[in-house]
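Trainee: Handing over upload.cif, mmCIF, C-alpha atoms and all ligand atoms; chains and numbers go by the auth columns.
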```
data_target
#
loop_
_atom_site.group_PDB
_atom_site.id
_atom_site.type_symbol
_atom_site.label_atom_id
_atom_site.label_comp_id
_atom_site.label_asym_id
_atom_site.label_seq_id
_atom_site.Cartn_x
_atom_site.Cartn_y
_atom_site.Cartn_z
_atom_site.B_iso_or_equiv
_atom_site.auth_seq_id
_atom_site.auth_asym_id
ATOM 1 C CA MET A 1 102.369 145.456 136.471 0.00 6 A
ATOM 2 C CA SER A 2 99.013 144.114 135.522 0.00 7 A
ATOM 3 C CA GLU A 3 95.653 145.836 135.466 0.00 8 A
ATOM 4 C CA ASN A 4 94.783 144.078 138.685 0.00 9 A
ATOM 5 C CA THR A 5 96.565 146.750 140.637 0.00 10 A
ATOM 6 C CA LEU A 6 93.753 149.233 140.049 0.00 11 A
ATOM 7 C CA THR A 7 90.906 147.345 141.671 0.00 12 A
ATOM 8 C CA SER A 8 90.990 144.017 143.374 0.00 13 A
ATOM 9 C CA LYS A 9 87.903 142.832 141.547 0.00 14 A
ATOM 10 C CA THR A 10 86.332 143.992 138.341 0.00 15 A
ATOM 11 C CA VAL A 11 83.065 142.428 137.376 0.00 16 A
ATOM 12 C CA PRO A 12 81.801 143.611 134.044 0.00 17 A
ATOM 13 C CA THR A 13 78.105 144.234 133.738 0.00 18 A
ATOM 14 C CA ILE A 14 76.584 141.968 131.159 0.00 19 A
ATOM 15 C CA VAL A 15 73.399 142.837 129.361 0.00 20 A
ATOM 16 C CA GLN A 16 71.525 141.027 126.660 0.00 21 A
ATOM 17 C CA CYS A 17 71.220 142.435 123.211 0.00 22 A
ATOM 18 C CA PRO A 18 67.491 143.192 122.798 0.00 23 A
ATOM 19 C CA THR A 19 67.638 142.052 119.203 0.00 24 A
ATOM 20 C CA CYS A 20 69.562 138.796 119.202 0.00 25 A
ATOM 21 C CA LYS A 21 69.881 138.092 122.952 0.00 26 A
ATOM 22 C CA LYS A 22 73.627 137.853 122.756 0.00 27 A
ATOM 23 C CA GLU A 23 75.519 138.839 125.870 0.00 28 A
ATOM 24 C CA VAL A 24 77.013 142.288 125.697 0.00 29 A
ATOM 25 C CA GLU A 25 79.500 143.746 128.100 0.00 30 A
ATOM 26 C CA TRP A 26 78.337 147.111 129.389 0.00 31 A
ATOM 27 C CA SER A 27 81.551 149.007 128.865 0.00 32 A
ATOM 28 C CA GLU A 28 83.427 151.088 126.390 0.00 33 A
ATOM 29 C CA LYS A 29 84.131 147.881 124.547 0.00 34 A
ATOM 30 C CA SER A 30 80.511 147.870 123.428 0.00 35 A
ATOM 31 C CA PRO A 31 79.783 151.238 121.861 0.00 36 A
ATOM 32 C CA HIS A 32 76.389 150.021 120.691 0.00 37 A
ATOM 33 C CA ARG A 33 75.205 148.761 124.046 0.00 38 A
ATOM 34 C CA PRO A 34 72.770 147.447 124.987 0.00 39 A
ATOM 35 C CA PHE A 35 72.997 146.091 121.487 0.00 40 A
ATOM 36 C CA CYS A 36 75.853 143.809 120.463 0.00 41 A
ATOM 37 C CA SER A 37 76.425 145.635 117.218 0.00 42 A
ATOM 38 C CA GLU A 38 75.312 148.541 115.141 0.00 43 A
ATOM 39 C CA ARG A 39 73.349 146.154 113.012 0.00 44 A
ATOM 40 C CA CYS A 40 71.187 144.966 115.905 0.00 45 A
ATOM 41 C CA LYS A 41 70.746 148.530 117.013 0.00 46 A
ATOM 42 C CA LEU A 42 69.482 149.553 113.612 0.00 47 A
ATOM 43 C CA ILE A 43 67.178 146.568 113.412 0.00 48 A
ATOM 44 C CA ASP A 44 65.527 147.389 116.704 0.00 49 A
ATOM 45 C CA PHE A 45 65.561 151.085 116.043 0.00 50 A
ATOM 46 C CA GLY A 46 64.179 150.722 112.560 0.00 51 A
ATOM 47 C CA ASP A 47 61.296 148.786 114.013 0.00 52 A
ATOM 48 C CA TRP A 48 59.698 151.636 115.862 0.00 53 A
ATOM 49 C CA ALA A 49 61.175 154.469 113.841 0.00 54 A
ATOM 50 C CA ASP A 50 59.441 153.124 110.813 0.00 55 A
ATOM 51 C CA GLU A 51 56.109 153.049 112.582 0.00 56 A
ATOM 52 C CA SER A 52 56.235 156.401 114.307 0.00 57 A
ATOM 53 C CA ASN A 53 57.525 157.903 111.131 0.00 58 A
ATOM 54 C CA ARG A 54 54.594 156.663 109.181 0.00 59 A
ATOM 55 C CA ILE A 55 52.062 157.805 111.755 0.00 60 A
ATOM 56 C CA ALA A 56 53.460 161.169 112.712 0.00 61 A
ATOM 57 C CA GLY A 57 55.412 162.007 109.606 0.00 62 A
ATOM 58 C CA ASN A 58 57.792 163.763 111.909 0.00 63 A
ATOM 59 C CA PRO A 59 61.245 164.386 110.451 0.00 64 A
ATOM 60 C CA THR A 60 62.789 165.598 113.678 0.00 65 A
ATOM 61 C CA TYR A 61 64.568 162.938 115.510 0.00 66 A
ATOM 62 C CA ASP A 62 67.972 164.252 116.139 0.00 67 A
ATOM 63 C CA ASP A 63 67.894 163.377 119.803 0.00 68 A
ATOM 64 C CA VAL A 64 67.763 159.622 119.523 0.00 69 A
ATOM 65 C CA MET A 65 71.494 159.162 119.327 0.00 70 A
ATOM 66 C CA GLY A 66 72.015 160.899 122.654 0.00 71 A
ATOM 67 C CA GLU A 67 74.169 158.956 125.044 0.00 72 A
ATOM 68 C CA ASP A 68 74.114 159.955 128.650 0.00 73 A
ATOM 69 C CA LEU A 69 75.360 156.807 130.262 0.00 74 A
ATOM 70 C CA GLU A 70 78.943 157.740 130.899 0.00 75 A
ATOM 71 C CA TYR A 71 80.710 156.537 133.961 0.00 76 A
HETATM 72 ZN ZN ZN B . 72.627 141.584 118.755 0.00 1 B
#
```
So that I can check it, write out the structure of this file as structure tokens.
Mentor:
Amino acid sequence: MSENTLTSKTVPTIVQCPTCKKEVEWSEKSPHRPFCSERCKLIDFGDWADESNRIAGNPTYDDVMGEDLEY
């Protein structure tokens, strides 16, 4: 049987990558969501991390990778 037997209609949530504006499917297919790729994630992340790092000089940011958006 096909996957259609589970739910009659499955509409994936689409978000835009904040870095390059590419459409990203909000699912397990996109582990870097809302970014389209790890590269875009690092670009955006590096943007502010660089700044706050310079200002605060704070080496503790172990919490940034936390993912709590599980279905
Ligand atoms: Zn991107």
Trainee: So that all listed atoms of stretch 37-56 of chain A fit with 6 Å spare on each side, what axis-aligned box centre and edge lengths in Å, to one decimal, would you give as JSON?
Mentor:
```
{"center_x": 66.3, "center_y": 149.1, "center_z": 117.9, "size_x": 32.3, "size_y": 22.7, "size_z": 26.2}
```
Trainee: Report, in Å to a single decimal, how far apart atom CA of A:Phe40 and atom ZN of ligand ZN 1 (chain B) are.
Mentor: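 Spanning atom ZN of ligand ZN 1 (chain B) to atom CA of A:Phe40 is a straight-line distance of 5.3 Å.
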Trainee: For the structure shown, which residues end up in the PyMOL selection byres (((chain A and resi 11-27) around 8) and not hetatm)? Put them as a PyMOL selection string, please?
Mentor: chain A and resi 8-10+28-32+38-41+45-46+48-49
Trainee: Pull C-alpha atoms for stretch 34-50 of chain A from the block and write them as an mmCIF file, in the first residue's frame.
Mentor:
```
data_model
loop_
_atom_site.group_PDB
_atom_site.id
_atom_site.type_symbol
_atom_site.label_atom_id
_atom_site.label_comp_id
_atom_site.auth_asym_id
_atom_site.auth_seq_id
_atom_site.Cartn_x
_atom_site.Cartn_y
_atom_site.Cartn_z
ATOM 1 C CA LYS A 34 13.884 15.898 5.931
ATOM 2 C CA SER A 35 15.331 19.263 6.899
ATOM 3 C CA PRO A 36 17.525 18.738 9.940
ATOM 4 C CA HIS A 37 18.790 22.304 9.711
ATOM 5 C CA ARG A 38 15.399 23.957 9.601
ATOM 6 C CA PRO A 39 14.485 26.723 9.381
ATOM 7 C CA PHE A 40 17.656 26.864 7.365
ATOM 8 C CA CYS A 41 17.983 24.935 4.111
ATOM 9 C CA SER A 42 21.426 23.666 4.967
ATOM 10 C CA GLU A 43 24.076 23.644 7.609
ATOM 11 C CA ARG A 44 25.937 26.239 5.637
ATOM 12 C CA CYS A 45 23.107 28.769 5.827
ATOM 13 C CA LYS A 46 22.684 27.994 9.480
ATOM 14 C CA LEU A 47 26.318 28.719 10.173
ATOM 15 C CA ILE A 48 26.219 31.901 8.142
ATOM 16 C CA ASP A 49 23.297 33.274 10.095
ATOM 17 C CA PHE A 50 24.586 31.950 13.364
#
```
